Amino acid sequence: MPHLQTIKISSKLDDLVQIHTESWLEKGLTITLDLPKNPLLLQTDADSFDRILYELLNNAGKYADLDTNIILQATQQSEQIVISVTNIGATISPEDATYIFDKFRRGHGVTDQAIKGTGLG
């Protein structure tokens, strides 16, 4: 059962950036956090929010080219908060894009590159 609470997005994203910054050093990856000046508040299940963003950043780092920058951005658009993760690296082919939410399915490019994973990200 979800436990809804109001969270300050900048605090959550700061924590996630810290976690990934350390683990990405070996690959030469950097991360830029782009947040608005005004604090963004969101009513959500904090544990679910953390897991989703952790997995997005984990995948961004896994598929990023060496020595590149990953951008984590949060913006307010009307009454919605939009969070985006952008990296430079392996892309999803148009053929594979229709299956990205299928469990245990991975794109051909990642298997060709021997990138480990189960297809649950």
# chains A, B, ... in the order shown; residues from 1 in each chain; ligands from 1
call {"tool": "select_by_dssp", "arguments": {"residues": "segment 13-109 of chain A", "states": "helix (DSSP H, G or I)", "output": "MDAnalysis selection string"}}
result
chainID A and resid 13:23 25:27 46:63 94:97 108:109
call {"tool": "residues_around", "arguments": {"residues": "segment 17-27 of chain A", "least_positions_apart": "3", "cutoff": "10 Å", "atoms": "only C-alpha atoms", "output": "list in words"}}
result
Ser11, Lys12, Leu13, Asp14, Thr30, Ile31, Thr32, Leu33, Tyr54, Leu57, Asn58, Gly61, Lys62, Ala64, Asp65, Leu66, Asp67, Thr68 and Leu72 of chain A
call {"tool": "write_last_selection", "arguments": {"atoms": "N, CA and C atoms", "output": "mmCIF file, in the first residue's frame"}}
result
data_model
loop_
_atom_site.group_PDB
_atom_site.id
_atom_site.type_symbol
_atom_site.label_atom_id
_atom_site.label_comp_id
_atom_site.auth_asym_id
_atom_site.auth_seq_id
_atom_site.Cartn_x
_atom_site.Cartn_y
_atom_site.Cartn_z
ATOM 1 N N SER A 11 15.950 17.627 -2.430
ATOM 2 C CA SER A 11 16.641 16.802 -1.428
ATOM 3 C C SER A 11 16.796 15.368 -1.913
ATOM 4 N N LYS A 12 15.731 14.820 -2.471
ATOM 5 C CA LYS A 12 15.775 13.444 -2.982
ATOM 6 C C LYS A 12 16.775 13.323 -4.122
ATOM 7 N N LEU A 13 16.748 14.276 -5.056
ATOM 8 C CA LEU A 13 17.647 14.214 -6.201
ATOM 9 C C LEU A 13 19.101 14.437 -5.792
ATOM 10 N N ASP A 14 19.327 15.315 -4.826
ATOM 11 C CA ASP A 14 20.684 15.515 -4.310
ATOM 12 C C ASP A 14 21.249 14.205 -3.765
ATOM 13 N N THR A 30 30.178 12.106 -15.235
ATOM 14 C CA THR A 30 29.796 13.181 -14.330
ATOM 15 C C THR A 30 28.285 13.352 -14.423
ATOM 16 N N ILE A 31 27.740 14.034 -13.436
ATOM 17 C CA ILE A 31 26.294 14.266 -13.450
ATOM 18 C C ILE A 31 26.037 15.731 -13.128
ATOM 19 N N THR A 32 25.119 16.304 -13.875
ATOM 20 C CA THR A 32 24.689 17.682 -13.655
ATOM 21 C C THR A 32 23.244 17.643 -13.191
ATOM 22 N N LEU A 33 22.985 18.305 -12.086
ATOM 23 C CA LEU A 33 21.630 18.401 -11.547
ATOM 24 C C LEU A 33 21.099 19.785 -11.875
ATOM 25 N N TYR A 54 16.257 5.949 -8.856
ATOM 26 C CA TYR A 54 17.512 5.201 -8.740
ATOM 27 C C TYR A 54 17.720 4.336 -9.984
ATOM 28 N N LEU A 57 18.600 6.458 -13.101
ATOM 29 C CA LEU A 57 19.991 6.897 -13.073
ATOM 30 C C LEU A 57 20.948 5.720 -13.252
ATOM 31 N N ASN A 58 20.617 4.597 -12.666
ATOM 32 C CA ASN A 58 21.438 3.406 -12.823
ATOM 33 C C ASN A 58 21.546 3.026 -14.305
ATOM 34 N N GLY A 61 23.681 5.525 -16.322
ATOM 35 C CA GLY A 61 25.107 5.280 -16.154
ATOM 36 C C GLY A 61 25.572 4.021 -16.859
ATOM 37 N N LYS A 62 24.726 3.001 -16.836
ATOM 38 C CA LYS A 62 25.080 1.723 -17.454
ATOM 39 C C LYS A 62 25.248 1.870 -18.966
ATOM 40 N N ALA A 64 25.670 4.831 -20.689
ATOM 41 C CA ALA A 64 26.351 6.060 -21.114
ATOM 42 C C ALA A 64 27.725 5.741 -21.693
ATOM 43 N N ASP A 65 28.133 6.547 -22.656
ATOM 44 C CA ASP A 65 29.494 6.450 -23.177
ATOM 45 C C ASP A 65 30.474 6.883 -22.087
ATOM 46 N N LEU A 66 31.682 6.346 -22.142
ATOM 47 C CA LEU A 66 32.723 6.714 -21.181
ATOM 48 C C LEU A 66 32.985 8.215 -21.232
ATOM 49 N N ASP A 67 33.308 8.782 -20.085
ATOM 50 C CA ASP A 67 33.712 10.185 -19.970
ATOM 51 C C ASP A 67 32.684 11.168 -20.521
ATOM 52 N N THR A 68 31.413 10.918 -20.228
ATOM 53 C CA THR A 68 30.355 11.847 -20.640
ATOM 54 C C THR A 68 29.604 12.354 -19.415
ATOM 55 N N LEU A 72 20.393 15.367 -14.987
ATOM 56 C CA LEU A 72 19.166 15.084 -14.250
ATOM 57 C C LEU A 72 18.469 16.414 -14.035
#
call {"tool": "residues_around", "arguments": {"residues": "Ile9 of chain A", "least_positions_apart": "2", "cutoff": "10 Å", "atoms": "only C-alpha atoms", "output": "list of chain:residue names"}}
result
A:Thr6, A:Ile7, A:Ser11, A:Lys12, A:Leu13, A:Asp14, A:Leu35, A:Pro39, A:Leu40, A:Leu41, A:Leu42, A:Gln43, A:Ala46, A:Phe49, A:Ala74, A:Ile81, A:Ile83
call {"tool": "atom_distance", "arguments": {"atom1": "atom CA of Gln76 of chain A", "atom2": "atom CA of His3 of chain A"}}
result
23.0 Å
call {"tool": "select_by_dssp", "arguments": {"residues": "chain A", "states": "strand (DSSP E)", "output": "PyMOL selection string"}}
result
chain A and resi 4-8+30-34+41-45+69-77+80-86
call {"tool": "atom_distance", "arguments": {"atom1": "atom CA of Leu29 of chain A", "atom2": "atom CA of Ile70 of chain A"}}
result
7.2 Å
call {"tool": "closest_residue", "arguments": {"among": "A:Leu56, A:Val82, A:Ala97, A:Ile92", "to": "Pro36 of chain A", "atoms": "only C-alpha atoms"}}
result
A:Val82
call {"tool": "atom_distance", "arguments": {"atom1": "atom CA of Gln5 of chain A", "atom2": "atom CA of Glu79 of chain A"}}
result
17.2 Å
